[in-house]
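Shown here: target11.txt, compact mmCIF, C-alpha atoms and all ligand atoms.
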```txt
# COMPACT_ATOMS: atom_id res chain seq x y z
CA MET Z 144 -1.82 -104.05 71.99
CA VAL Z 145 0.34 -102.14 74.43
CA SER Z 146 -1.74 -99.94 76.72
CA PRO Z 147 -1.34 -96.24 75.86
CA ILE Z 148 -1.83 -95.62 79.57
CA ILE Z 149 1.14 -96.34 81.78
CA ILE Z 150 0.51 -96.04 85.48
CA ASN Z 151 3.50 -95.03 87.63
CA GLN Z 152 3.32 -95.02 91.39
CA SER Z 153 5.37 -96.05 94.38
CA ILE Z 154 2.50 -96.65 96.81
CA LEU Z 155 2.05 -100.42 96.45
CA THR Z 156 3.74 -102.82 94.06
CA VAL Z 157 1.54 -104.66 91.59
CA SER Z 158 2.00 -107.89 93.55
CA GLU Z 159 0.99 -106.11 96.79
CA LEU Z 160 -2.08 -104.72 95.04
CA ASP Z 161 -2.83 -108.21 93.80
CA SER Z 162 -2.57 -109.79 97.23
CA VAL Z 163 -4.71 -107.09 98.93
CA PHE Z 164 -7.32 -106.49 96.20
CA GLY Z 165 -6.90 -109.24 93.58
CA LYS Z 166 -9.68 -111.57 94.72
CA ARG Z 167 -12.25 -108.81 95.33
CA VAL Z 168 -11.44 -107.20 92.00
CA GLU Z 169 -11.87 -110.53 90.22
CA LYS Z 170 -15.22 -111.15 91.95
CA ILE Z 171 -16.54 -107.67 91.11
CA HIS Z 172 -15.30 -107.98 87.54
CA ASN Z 173 -17.14 -111.28 87.11
CA GLU Z 174 -20.30 -109.80 88.62
CA MET Z 175 -20.14 -106.92 86.15
CA VAL Z 176 -19.61 -109.30 83.25
CA ASN Z 177 -22.46 -111.57 84.42
CA GLY Z 178 -24.74 -108.61 85.11
CA THR Z 179 -25.21 -109.49 88.79
CA SER Z 180 -23.51 -106.46 90.40
CA ILE Z 181 -25.60 -103.74 92.11
CA GLY Z 182 -26.92 -101.34 89.46
CA ALA Z 183 -26.11 -103.83 86.67
CA ASP Z 184 -28.99 -102.35 84.64
CA PHE Z 185 -26.66 -99.42 83.95
CA LEU Z 186 -23.64 -101.26 82.60
CA GLY Z 187 -24.42 -100.56 78.93
CA TRP Z 188 -21.53 -98.07 78.57
CA ARG Z 189 -19.12 -101.06 78.45
CA ASN Z 190 -20.35 -102.04 74.99
CA LEU Z 191 -20.84 -98.56 73.57
CA PRO Z 192 -17.64 -98.08 71.54
CA GLU Z 193 -18.18 -101.19 69.46
CA GLU Z 194 -21.96 -100.79 69.20
CA VAL Z 195 -21.79 -97.14 68.16
CA LEU Z 196 -18.96 -97.74 65.67
CA GLU Z 197 -21.01 -100.49 64.06
CA ASN Z 198 -24.55 -99.15 64.25
CA GLU Z 199 -24.81 -95.44 64.98
CA LEU Z 200 -21.70 -93.65 63.77
CA GLU Z 201 -23.05 -92.99 60.28
CA SER Z 202 -26.34 -91.50 61.45
CA VAL Z 203 -24.54 -89.27 63.96
CA LEU Z 204 -22.17 -88.06 61.24
CA ALA Z 205 -25.05 -87.49 58.80
CA VAL Z 206 -27.00 -85.33 61.26
CA ALA Z 207 -23.80 -83.51 62.26
CA ASP Z 208 -23.12 -82.81 58.59
CA LYS Z 209 -26.57 -81.32 58.13
CA LEU Z 210 -26.11 -79.03 61.13
CA ARG Z 211 -22.61 -78.07 59.96
CA LYS Z 212 -24.01 -77.02 56.59
CA SER Z 213 -26.91 -75.00 57.96
CA ALA Z 214 -25.42 -73.36 61.07
CA GLU Z 215 -22.52 -71.10 61.94
CA ILE Z 216 -23.20 -71.60 65.62
CA VAL Z 217 -24.72 -74.59 67.42
CA VAL Z 218 -26.12 -74.19 70.92
CA VAL Z 219 -25.89 -77.42 72.92
CA ILE Z 220 -28.33 -77.50 75.83
CA GLY Z 221 -27.71 -79.90 78.72
CA VAL Z 222 -26.36 -80.24 82.25
CA GLY Z 223 -24.22 -82.77 84.17
CA GLY Z 224 -23.61 -85.87 82.11
CA SER Z 225 -25.63 -84.35 79.27
CA TYR Z 226 -23.08 -81.56 78.88
CA LEU Z 227 -19.71 -82.14 80.53
CA GLY Z 228 -18.36 -84.88 78.26
CA ALA Z 229 -18.89 -82.96 75.04
CA LYS Z 230 -17.55 -79.73 76.52
CA ALA Z 231 -14.53 -81.51 78.04
CA ILE Z 232 -13.52 -83.27 74.83
CA GLN Z 233 -14.21 -80.26 72.67
CA ASP Z 234 -11.91 -78.18 74.88
CA VAL Z 235 -9.21 -80.83 75.11
CA LEU Z 236 -9.03 -81.32 71.34
CA SER Z 237 -9.56 -77.77 70.10
CA PRO Z 238 -7.03 -75.05 69.44
CA TYR Z 239 -6.61 -72.56 72.26
CA PHE Z 240 -7.60 -69.57 70.19
CA GLY Z 241 -10.43 -69.44 67.70
CA GLN Z 242 -12.53 -72.44 66.74
CA ASN Z 243 -11.48 -75.39 64.58
CA THR Z 244 -11.26 -73.76 61.16
CA GLY Z 245 -14.22 -74.48 58.91
CA ASN Z 246 -16.42 -75.83 61.73
CA PRO Z 247 -19.42 -74.20 63.35
CA GLU Z 248 -18.82 -72.77 66.78
CA VAL Z 249 -20.34 -74.95 69.50
CA ILE Z 250 -21.51 -73.16 72.64
CA PHE Z 251 -23.37 -74.47 75.68
CA ALA Z 252 -26.52 -73.54 77.58
CA GLY Z 253 -28.79 -75.14 80.15
CA HIS Z 254 -25.93 -75.89 82.56
CA ASN Z 255 -26.63 -72.74 84.56
CA LEU Z 256 -29.60 -70.55 85.47
CA SER Z 257 -27.99 -67.18 84.87
CA GLY Z 258 -30.42 -64.91 83.05
CA THR Z 259 -27.47 -62.69 82.14
CA TYR Z 260 -25.72 -65.63 80.44
CA MET Z 261 -28.85 -66.41 78.44
CA LYS Z 262 -29.47 -62.78 77.52
CA GLN Z 263 -25.90 -62.41 76.26
CA LEU Z 264 -26.06 -65.76 74.45
CA LEU Z 265 -29.15 -64.61 72.55
CA GLN Z 266 -27.36 -61.39 71.61
CA TYR Z 267 -24.25 -63.31 70.55
CA ILE Z 268 -26.13 -65.67 68.21
CA SER Z 269 -28.40 -63.00 66.73
CA ASP Z 270 -26.32 -62.31 63.61
CA LYS Z 271 -25.35 -65.94 62.90
CA GLU Z 272 -27.18 -68.94 61.46
CA VAL Z 273 -28.15 -71.07 64.46
CA ALA Z 274 -29.00 -74.69 65.28
CA VAL Z 275 -29.80 -76.24 68.65
CA ILE Z 276 -28.99 -79.65 70.13
CA VAL Z 277 -31.05 -80.25 73.26
CA ILE Z 278 -29.94 -83.11 75.51
CA SER Z 279 -31.66 -84.54 78.57
CA LYS Z 280 -31.89 -88.24 79.30
CA SER Z 281 -34.82 -87.81 81.66
CA GLY Z 282 -36.28 -85.03 79.53
CA THR Z 283 -37.44 -83.25 82.66
CA THR Z 284 -34.36 -81.57 84.19
CA THR Z 285 -35.23 -78.00 85.11
CA GLU Z 286 -32.06 -76.14 84.04
CA PRO Z 287 -31.94 -77.40 80.41
CA ALA Z 288 -35.75 -77.35 80.14
CA ILE Z 289 -35.80 -73.62 80.93
CA ALA Z 290 -32.98 -72.96 78.45
CA PHE Z 291 -34.78 -74.92 75.75
CA ARG Z 292 -38.07 -73.16 76.30
CA ILE Z 293 -36.33 -69.81 75.77
CA LEU Z 294 -34.26 -70.97 72.78
CA LEU Z 295 -37.21 -72.69 71.13
CA GLU Z 296 -39.23 -69.51 71.31
CA TYR Z 297 -36.24 -67.64 69.86
CA MET Z 298 -35.78 -70.15 67.03
CA GLU Z 299 -39.50 -70.09 66.16
CA GLY Z 300 -39.39 -66.31 66.04
CA ARG Z 301 -36.41 -66.44 63.68
CA TYR Z 302 -36.99 -69.50 61.54
CA GLY Z 303 -40.79 -69.98 61.67
CA SER Z 304 -42.02 -73.18 60.09
CA SER Z 305 -38.49 -74.45 59.32
CA THR Z 306 -37.43 -74.36 63.00
CA SER Z 307 -37.69 -78.11 63.42
CA GLU Z 308 -35.00 -78.62 60.75
CA ARG Z 309 -32.57 -76.80 63.04
CA ILE Z 310 -33.24 -78.70 66.25
CA VAL Z 311 -32.00 -82.12 67.34
CA ALA Z 312 -33.18 -83.73 70.59
CA ILE Z 313 -31.26 -86.43 72.44
CA THR Z 314 -33.32 -88.09 75.14
CA ASP Z 315 -35.06 -91.26 76.34
CA LYS Z 316 -36.63 -93.42 73.66
CA SER Z 317 -40.17 -93.09 74.99
CA VAL Z 318 -40.62 -91.15 78.22
CA GLY Z 319 -40.16 -87.54 79.36
CA ALA Z 320 -41.37 -84.15 78.22
CA LEU Z 321 -38.50 -83.73 75.74
CA ARG Z 322 -39.34 -86.99 73.96
CA GLU Z 323 -42.96 -85.92 73.65
CA LEU Z 324 -41.96 -82.51 72.34
CA ALA Z 325 -39.47 -84.02 69.87
CA ASN Z 326 -42.06 -86.44 68.50
CA ARG Z 327 -44.79 -83.84 68.27
CA SER Z 328 -42.57 -81.20 66.66
CA GLU Z 329 -40.78 -83.71 64.42
CA PHE Z 330 -37.27 -82.80 65.55
CA ALA Z 331 -34.52 -85.16 64.46
CA SER Z 332 -33.67 -87.18 67.54
CA PHE Z 333 -31.33 -89.71 69.09
CA VAL Z 334 -31.87 -92.03 72.03
CA VAL Z 335 -29.87 -92.23 75.24
CA PRO Z 336 -29.91 -95.98 75.91
CA ASP Z 337 -31.80 -97.13 79.02
CA ASP Z 338 -28.73 -98.91 80.35
CA VAL Z 339 -26.38 -95.89 80.14
CA GLY Z 340 -26.55 -93.22 82.87
CA GLY Z 341 -25.83 -89.55 82.21
CA ARG Z 342 -22.23 -89.41 83.39
CA PHE Z 343 -21.37 -92.54 81.41
CA SER Z 344 -23.06 -91.28 78.22
CA VAL Z 345 -20.29 -89.31 76.50
CA LEU Z 346 -19.77 -92.05 73.89
CA THR Z 347 -23.45 -91.99 72.88
CA PRO Z 348 -24.87 -89.22 70.64
CA VAL Z 349 -24.98 -87.13 73.86
CA GLY Z 350 -21.27 -86.47 73.45
CA LEU Z 351 -20.67 -87.58 69.90
CA LEU Z 352 -23.10 -85.33 68.03
CA PRO Z 353 -21.87 -82.01 69.48
CA LEU Z 354 -18.29 -83.19 69.02
CA ALA Z 355 -18.84 -84.21 65.40
CA VAL Z 356 -20.41 -80.80 64.75
CA ALA Z 357 -17.34 -79.17 66.31
CA GLY Z 358 -15.08 -81.12 63.93
CA VAL Z 359 -13.71 -83.68 66.40
CA ASP Z 360 -12.77 -87.03 64.86
CA ILE Z 361 -15.36 -89.10 66.73
CA GLU Z 362 -14.40 -92.28 64.88
CA GLN Z 363 -10.89 -92.07 66.36
CA LEU Z 364 -12.37 -91.25 69.75
CA LEU Z 365 -14.52 -94.40 69.58
CA LYS Z 366 -11.60 -96.50 68.28
CA GLY Z 367 -9.49 -95.44 71.25
CA ALA Z 368 -12.33 -96.36 73.61
CA LYS Z 369 -12.87 -99.67 71.82
CA ASP Z 370 -9.21 -100.61 72.25
CA ALA Z 371 -9.48 -99.68 75.91
CA VAL Z 372 -12.51 -101.99 76.30
CA ALA Z 373 -10.35 -104.84 75.01
CA GLU Z 374 -7.34 -103.83 77.10
CA PHE Z 375 -9.30 -103.62 80.36
CA SER Z 376 -11.42 -106.73 79.87
CA THR Z 377 -9.28 -108.91 82.11
CA ALA Z 378 -10.23 -109.68 85.72
CA ASP Z 379 -6.53 -109.96 86.60
CA ILE Z 380 -5.50 -106.83 88.46
CA ALA Z 381 -1.84 -107.53 87.72
CA SER Z 382 -2.43 -106.88 84.02
CA ASN Z 383 -5.26 -104.33 84.26
CA SER Z 384 -4.03 -100.79 84.99
CA ALA Z 385 -7.60 -99.44 85.30
CA TYR Z 386 -8.24 -101.86 88.15
CA GLN Z 387 -4.85 -100.98 89.66
CA TYR Z 388 -5.87 -97.32 89.70
CA ALA Z 389 -9.23 -98.23 91.31
CA ALA Z 390 -7.52 -100.37 93.95
CA LEU Z 391 -4.86 -97.74 94.68
CA ARG Z 392 -7.56 -95.13 95.30
CA ASN Z 393 -9.32 -97.42 97.76
CA HIS Z 394 -6.06 -98.29 99.47
CA LEU Z 395 -5.24 -94.60 99.91
CA LEU Z 396 -8.73 -93.90 101.26
CA ASN Z 397 -8.28 -96.66 103.82
CA GLU Z 398 -4.99 -94.98 104.80
CA GLY Z 399 -6.81 -91.69 105.48
CA PHE Z 400 -6.28 -89.93 102.14
CA ASP Z 401 -9.84 -88.95 101.26
CA ILE Z 402 -9.22 -86.19 98.71
CA GLU Z 403 -7.91 -86.95 95.24
CA ILE Z 404 -6.54 -84.11 93.14
CA LEU Z 405 -6.38 -84.63 89.39
CA ALA Z 406 -3.42 -82.60 88.17
CA SER Z 407 -2.52 -81.75 84.61
CA PHE Z 408 -0.08 -79.45 82.89
CA SER Z 409 -2.12 -78.72 79.78
CA PRO Z 410 -4.62 -75.84 80.04
CA ARG Z 411 -6.78 -77.56 77.40
CA PHE Z 412 -7.42 -80.33 79.92
CA ALA Z 413 -9.18 -78.09 82.46
CA THR Z 414 -12.78 -78.99 81.49
CA PHE Z 415 -11.84 -82.66 81.37
CA HIS Z 416 -11.12 -82.29 85.10
CA GLU Z 417 -14.77 -81.33 85.53
CA TRP Z 418 -15.98 -84.42 83.61
CA TRP Z 419 -13.71 -86.61 85.77
CA LYS Z 420 -14.97 -84.93 88.95
CA GLN Z 421 -18.57 -85.61 88.01
CA LEU Z 422 -17.81 -89.20 87.06
CA PHE Z 423 -16.11 -90.05 90.34
CA GLY Z 424 -17.96 -87.62 92.61
CA GLU Z 425 -21.46 -88.64 91.61
CA SER Z 426 -20.59 -92.33 91.37
CA GLU Z 427 -18.82 -92.66 94.72
CA GLY Z 428 -20.04 -89.88 96.99
CA LYS Z 429 -22.97 -91.57 98.74
CA ASP Z 430 -23.95 -93.45 101.88
CA GLY Z 431 -21.48 -91.28 103.83
CA LYS Z 432 -18.59 -92.64 101.73
CA GLY Z 433 -16.34 -91.53 98.88
CA ILE Z 434 -13.13 -89.79 97.89
CA PHE Z 435 -13.63 -86.07 97.27
CA PRO Z 436 -12.48 -85.37 93.68
CA ALA Z 437 -10.67 -82.07 93.19
CA SER Z 438 -8.45 -80.75 90.44
CA VAL Z 439 -5.61 -78.38 89.68
CA ALA Z 440 -4.28 -76.97 86.43
CA TYR Z 441 -0.52 -76.63 86.81
CA PRO Z 442 1.68 -74.63 86.63
CA THR Z 443 -1.05 -71.95 87.03
CA ASP Z 444 -2.31 -73.47 90.28
CA LEU Z 445 1.19 -74.00 91.67
CA HIS Z 446 0.91 -70.29 92.38
CA SER Z 447 -2.39 -70.65 94.23
CA MET Z 448 -3.08 -74.19 95.51
CA GLY Z 449 0.55 -75.38 95.38
CA GLN Z 450 1.24 -74.18 98.93
CA PHE Z 451 -1.64 -76.23 100.35
CA VAL Z 452 -0.77 -79.33 98.37
CA GLN Z 453 2.87 -79.12 99.45
CA ASP Z 454 2.37 -78.21 103.04
CA GLY Z 455 -1.25 -78.24 104.20
CA ARG Z 456 -3.36 -80.97 105.90
CA ARG Z 457 -2.04 -84.37 104.84
CA GLU Z 458 -5.24 -86.00 103.61
CA LEU Z 459 -4.84 -85.65 99.87
CA PHE Z 460 -3.26 -87.63 97.10
CA GLU Z 461 -2.55 -86.52 93.56
CA THR Z 462 -3.13 -88.18 90.20
CA PHE Z 463 -1.06 -86.57 87.45
CA VAL Z 464 -2.13 -86.84 83.83
CA GLN Z 465 0.74 -86.55 81.37
CA PHE Z 466 0.26 -86.07 77.62
CA ILE Z 467 2.68 -85.91 74.77
CA GLU Z 468 1.71 -82.53 73.33
CA SER Z 469 1.12 -82.85 69.61
CA MET Z 470 -0.27 -79.47 68.58
CA GLY Z 471 2.83 -77.33 68.31
CA ASP Z 472 5.55 -75.96 70.55
CA ASN Z 473 7.53 -72.77 71.03
CA ALA Z 474 11.30 -72.39 71.41
CA ILE Z 475 12.89 -70.07 73.97
CA PRO Z 476 14.83 -67.37 72.09
CA SER Z 477 18.38 -66.41 73.00
CA THR Z 478 19.17 -62.69 73.50
CA THR Z 479 22.54 -60.90 73.33
CA ASP Z 480 22.22 -59.03 76.64
CA ASN Z 481 20.50 -61.91 78.55
CA LEU Z 482 19.02 -59.34 80.94
CA ASP Z 483 16.38 -61.77 82.23
CA GLY Z 484 19.01 -64.50 82.72
CA LEU Z 485 17.06 -67.03 80.64
CA ASN Z 486 19.69 -67.81 78.00
CA TYR Z 487 20.40 -71.09 79.81
CA LEU Z 488 16.99 -72.22 78.51
CA SER Z 489 17.54 -71.22 74.90
CA ASP Z 490 18.21 -74.75 73.71
CA LYS Z 491 14.80 -75.83 75.10
CA THR Z 492 11.17 -75.48 74.09
CA MET Z 493 8.27 -74.45 76.36
CA ASN Z 494 6.77 -77.94 76.26
CA GLU Z 495 10.09 -79.40 77.39
CA ILE Z 496 10.22 -76.97 80.31
CA ASN Z 497 6.58 -77.81 81.11
CA GLU Z 498 7.54 -81.47 81.34
CA VAL Z 499 10.47 -80.71 83.64
CA THR Z 500 8.04 -78.69 85.79
CA LEU Z 501 5.76 -81.73 86.05
CA HIS Z 502 8.60 -83.90 87.37
CA ALA Z 503 9.86 -81.15 89.68
CA THR Z 504 6.35 -80.76 91.11
CA MET Z 505 5.90 -84.48 91.60
CA GLU Z 506 9.23 -84.75 93.39
CA ALA Z 507 8.37 -81.83 95.66
CA HIS Z 508 4.87 -83.05 96.51
CA GLU Z 509 6.07 -86.59 97.20
CA ALA Z 510 8.68 -85.18 99.57
CA GLY Z 511 5.85 -83.23 101.22
CA GLY Z 512 3.98 -86.46 101.98
CA VAL Z 513 1.51 -86.54 99.09
CA PRO Z 514 1.03 -90.03 97.58
CA LEU Z 515 1.30 -89.77 93.80
CA ILE Z 516 -0.12 -91.62 90.82
CA LEU Z 517 1.07 -90.73 87.31
CA LEU Z 518 -1.03 -91.63 84.29
CA LYS Z 519 0.97 -91.39 81.08
CA VAL Z 520 -1.75 -91.23 78.48
CA GLY Z 521 0.20 -90.92 75.22
CA ASN Z 522 -0.50 -88.42 72.46
CA HIS Z 523 -2.86 -85.54 72.92
CA ASP Z 524 -5.37 -86.67 70.25
CA ALA Z 525 -8.88 -88.08 69.81
CA TYR Z 526 -7.76 -91.72 69.96
CA HIS Z 527 -5.97 -91.33 73.29
CA ILE Z 528 -8.75 -89.22 74.78
CA GLY Z 529 -11.26 -91.95 73.87
CA TYR Z 530 -8.96 -94.48 75.48
CA LEU Z 531 -8.63 -92.34 78.61
CA ILE Z 532 -12.40 -91.91 78.87
CA TYR Z 533 -13.00 -95.63 79.01
CA PHE Z 534 -10.03 -96.09 81.38
CA PHE Z 535 -11.68 -93.68 83.85
CA GLU Z 536 -15.17 -95.16 83.35
CA ILE Z 537 -14.13 -98.75 84.06
CA SER Z 538 -11.86 -97.75 86.94
CA CYS Z 539 -14.65 -95.61 88.40
CA ALA Z 540 -17.11 -98.52 88.33
CA MET Z 541 -14.55 -100.84 89.94
CA SER Z 542 -13.51 -98.24 92.50
CA ALA Z 543 -17.13 -97.57 93.56
CA TYR Z 544 -17.82 -101.29 93.90
CA LEU Z 545 -14.66 -101.73 96.00
CA LEU Z 546 -15.96 -98.88 98.16
CA GLY Z 547 -19.26 -100.72 98.55
CA VAL Z 548 -21.62 -98.32 96.77
CA ASN Z 549 -23.78 -98.45 93.65
CA PRO Z 550 -21.78 -96.47 91.04
CA PHE Z 551 -24.80 -95.71 88.89
CA ASP Z 552 -27.37 -93.93 91.04
CA GLN Z 553 -27.38 -90.37 92.41
CA PRO Z 554 -30.11 -90.22 95.08
CA GLY Z 555 -28.53 -87.16 96.74
CA VAL Z 556 -29.11 -84.97 93.68
CA GLU Z 557 -32.87 -85.01 94.29
CA GLU Z 558 -32.79 -83.06 97.56
CA TYR Z 559 -32.16 -79.59 96.15
CA LYS Z 560 -34.67 -80.18 93.36
CA LYS Z 561 -37.46 -80.76 95.88
CA ASN Z 562 -36.56 -77.49 97.57
CA ILE Z 563 -36.66 -75.61 94.25
CA PHE Z 564 -40.11 -77.01 93.44
CA ARG Z 565 -41.38 -76.12 96.91
CA MET Z 566 -39.91 -72.62 96.81
CA LEU Z 567 -41.14 -71.94 93.26
CA GLU Z 568 -44.55 -73.46 94.14
CA LYS Z 569 -44.58 -75.99 91.30
CA PRO Z 570 -48.19 -77.03 90.65
CA GLY Z 571 -48.93 -80.51 91.99
CA PHE Z 572 -45.67 -80.72 93.96
CA VAL Z 573 -46.10 -82.14 97.44
CA GLY Z 574 -42.78 -81.78 99.33
O1 LIG B 601 -24.99 -88.52 85.65
C1 LIG B 601 -26.16 -88.19 85.73
O2 LIG B 601 -27.09 -89.01 85.64
C2 LIG B 601 -26.56 -86.74 85.93
O3 LIG B 601 -25.47 -85.92 86.11
C3 LIG B 601 -27.35 -86.25 84.72
O4 LIG B 601 -26.55 -86.36 83.57
C4 LIG B 601 -27.81 -84.81 84.88
O5 LIG B 601 -28.53 -84.65 86.07
C5 LIG B 601 -28.70 -84.39 83.70
O6 LIG B 601 -29.79 -85.25 83.60
P1 LIG B 601 -30.68 -85.33 82.31
O7 LIG B 601 -29.83 -85.78 81.17
O8 LIG B 601 -31.75 -86.32 82.64
O9 LIG B 601 -31.23 -83.94 82.07
```

What does this structure look like when you write it as structure tokens?
Ligand code: PA5
Amino acid sequence: MVSPIIINQSILTVSELDSVFGKRVEKIHNEMVNGTSIGADFLGWRNLPEEVLENELESVLAVADKLRKSAEIVVVIGVGGSYLGAKAIQDVLSPYFGQNTGNPEVIFAGHNLSGTYMKQLLQYISDKEVAVIVISKSGTTTEPAIAFRILLEYMEGRYGSSTSERIVAITDKSVGALRELANRSEFASFVVPDDVGGRFSVLTPVGLLPLAVAGVDIEQLLKGAKDAVAEFSTADIASNSAYQYAALRNHLLNEGFDIEILASFSPRFATFHEWWKQLFGESEGKDGKGIFPASVAYPTDLHSMGQFVQDGRRELFETFVQFIESMGDNAIPSTTDNLDGLNYLSDKTMNEINEVTLHATMEAHEAGGVPLILLKVGNHDAYHIGYLIYFFEISCAMSAYLLGVNPFDQPGVEEYKKNIFRMLEKPGFVG
């Protein structure tokens, strides 16, 4: 099938990319396929779309259905990869105002330690029927563990002996405090596969269950990802746009551009930026290496960060994400007095003007010395978002390998945790 993602750039031609990166890309690709690359134990995300469509979709939908029937509001507890994917896709596929009609509201906890947030969350849910999805692959992460302790106490106070019917745990199959608690309390549960790390887990129940509860078409999401798996299964960089994107990033880094800004023109995409930042930041930023992932939501940020991007230090490149908006548009009305001088736009819609603004911005930033990549990702729907997710996952793995790091570990994240345990005097902790 024709790739829904078209990559436009004028940095290197495809044949230049092939001659500079082709052989290394092919070698890394083969190592990933043969399971001999560094961190190969965590390559399970490559098979997820097909596996989940075949084996797990029904059970996810069944549990989601149960929660949808019993709850008006579902609190999803998790942090990092156990939170960002679901939140990003929910935001990108939901209406701007109000929730998807007829679906429970899905809200998040455990991704911060604000007592004020928790206090207000408990007040907010107090007059609604509640369910909780608690997600932690390790089952021991402090932020979600604290949130779950508080919410479990709240749920037990409210629902007594039927509490366990309103809680779903998603965690490791056998280890961790959350697994033990889920087994002992007989919560419904799903497993995060051993070979899928947190930031690559959005297409497991980690992302799929909250999304199904929120009314997202997870089957279409998985179908988009499955088609992307097929599309990006070739080692040939000349016909693999995900590998072209990975190679371009590394080329730009070698040229001194060590900050990548993901830019979009759809406000609904803002949380997706955060998912993308985690994916690339945590996968590549190690051993003193990496491209710093940043993001801007245009045109809003043209009036804040636009000056820097146009005219500041020349060490950044921009990757634009372009959707075909498919959830409505608004025409510009004509007025008789034309006092604001906007009648010249009255044959246009806002989305059309937004698109012109994208091209105007690209032209300006290119003239200002910012290398540009444009990803045309097709319609703004579940299928294309699923496709885009896999595009970024496979390009992230390739990009990190080209950089010479293990994409799947995150040793640096442990440092602050040790300090917390020392400062809070965790029993048994020797720092
Ligand atoms: O990508 C990762 O592995 C991390 O961001 C984790 O998702 C995050 O630290 C949360 O971990 P856990 O799911 O074990 O609570």

What is the distance between atom CA of Leu155 of chain Z and atom CA of Leu517 of chain Z, in Å to one decimal?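 Taking atom CA of Leu155 of chain Z and atom CA of Leu517 of chain Z, their separation equals 13.4 Å.
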
Compare Z:Gly471, Z:Val157, Z:Leu200, Z:Gly358 by their minimum atom-to-atom distance to Gly245 of chain Z, counting only C-alpha atoms, and give me the closest one.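 Of the candidates, the smallest distance to Gly245 of chain Z is held by Z:Gly358.
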
Pull the closest atom pair for each residue of chain Z that gets at most 8 Å from ligand LIG 601 (chain B), along with the distance in Å to one decimal, counting only C-alpha atoms and all ligand atoms, ordering rows by chain and then ascending residue number, as JSON lines.
```
{"residue": "Z:Gly221", "atom": "CA", "partner": "B:LIG601", "partner_atom": "O9", "distance": 6.3}
{"residue": "Z:Val222", "atom": "CA", "partner": "B:LIG601", "partner_atom": "C5", "distance": 5.0}
{"residue": "Z:Gly223", "atom": "CA", "partner": "B:LIG601", "partner_atom": "O3", "distance": 3.9}
{"residue": "Z:Gly224", "atom": "CA", "partner": "B:LIG601", "partner_atom": "O4", "distance": 3.3}
{"residue": "Z:Ser225", "atom": "CA", "partner": "B:LIG601", "partner_atom": "O7", "distance": 4.8}
{"residue": "Z:Tyr226", "atom": "CA", "partner": "B:LIG601", "partner_atom": "O4", "distance": 7.6}
{"residue": "Z:Ile278", "atom": "CA", "partner": "B:LIG601", "partner_atom": "O7", "distance": 6.3}
{"residue": "Z:Ser279", "atom": "CA", "partner": "B:LIG601", "partner_atom": "O7", "distance": 3.4}
{"residue": "Z:Lys280", "atom": "CA", "partner": "B:LIG601", "partner_atom": "O7", "distance": 3.7}
{"residue": "Z:Ser281", "atom": "CA", "partner": "B:LIG601", "partner_atom": "O8", "distance": 3.6}
{"residue": "Z:Gly282", "atom": "CA", "partner": "B:LIG601", "partner_atom": "O8", "distance": 5.6}
{"residue": "Z:Thr283", "atom": "CA", "partner": "B:LIG601", "partner_atom": "O9", "distance": 6.3}
{"residue": "Z:Thr284", "atom": "CA", "partner": "B:LIG601", "partner_atom": "O9", "distance": 4.5}
{"residue": "Z:Thr285", "atom": "CA", "partner": "B:LIG601", "partner_atom": "O9", "distance": 7.8}
{"residue": "Z:Pro287", "atom": "CA", "partner": "B:LIG601", "partner_atom": "O9", "distance": 6.8}
{"residue": "Z:Thr314", "atom": "CA", "partner": "B:LIG601", "partner_atom": "O7", "distance": 7.3}
{"residue": "Z:Gly340", "atom": "CA", "partner": "B:LIG601", "partner_atom": "O2", "distance": 5.1}
{"residue": "Z:Gly341", "atom": "CA", "partner": "B:LIG601", "partner_atom": "O4", "distance": 3.5}
{"residue": "Z:Arg342", "atom": "CA", "partner": "B:LIG601", "partner_atom": "O1", "distance": 3.7}
{"residue": "Z:Phe343", "atom": "CA", "partner": "B:LIG601", "partner_atom": "O1", "distance": 6.9}
{"residue": "Z:Gln421", "atom": "CA", "partner": "B:LIG601", "partner_atom": "O3", "distance": 7.2}
{"residue": "Z:Leu422", "atom": "CA", "partner": "B:LIG601", "partner_atom": "O1", "distance": 7.3}
{"residue": "Z:Glu425", "atom": "CA", "partner": "B:LIG601", "partner_atom": "O1", "distance": 6.9}
{"residue": "Z:Phe551", "atom": "CA", "partner": "B:LIG601", "partner_atom": "O2", "distance": 7.8}
{"residue": "Z:Asp552", "atom": "CA", "partner": "B:LIG601", "partner_atom": "O2", "distance": 7.3}
{"residue": "Z:Gln553", "atom": "CA", "partner": "B:LIG601", "partner_atom": "O2", "distance": 6.9}
{"residue": "Z:Val556", "atom": "CA", "partner": "B:LIG601", "partner_atom": "O5", "distance": 7.6}
```

Find the residues around Ser542 of chain Z up to 9 Å (all atoms listed in the file counted), leave out those fewer than 3 positions away in its own chain, and share them as a count of residues only. 16

Name the closest residue to Asn190 of chain Z among the candidates Z:Arg327, Z:Lys369, Z:Lys429, Z:Arg167; distances are taken between atoms, counting all atoms listed in the file.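 Nearest candidate to Asn190 of chain Z out of Z:Arg327, Z:Lys369, Z:Lys429, Z:Arg167: Z:Lys369.
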
Work out how far atom CA of Ala312 of chain Z is from atom CA of Pro570 of chain Z, in Å to one decimal.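 So the answer is 25.9 Å.
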
I'd like the contact shell of segment 247-255 of chain Z - 8 Å cut-off, all atoms listed in the file, skipping same-chain residues fewer than 2 positions apart - returned as JSON, numbers by chain. {"Z": [211, 214, 215, 216, 217, 218, 219, 220, 221, 222, 223, 226, 230, 242, 245, 257, 261, 286, 287, 288, 289, 290, 291, 353, 356, 357]}
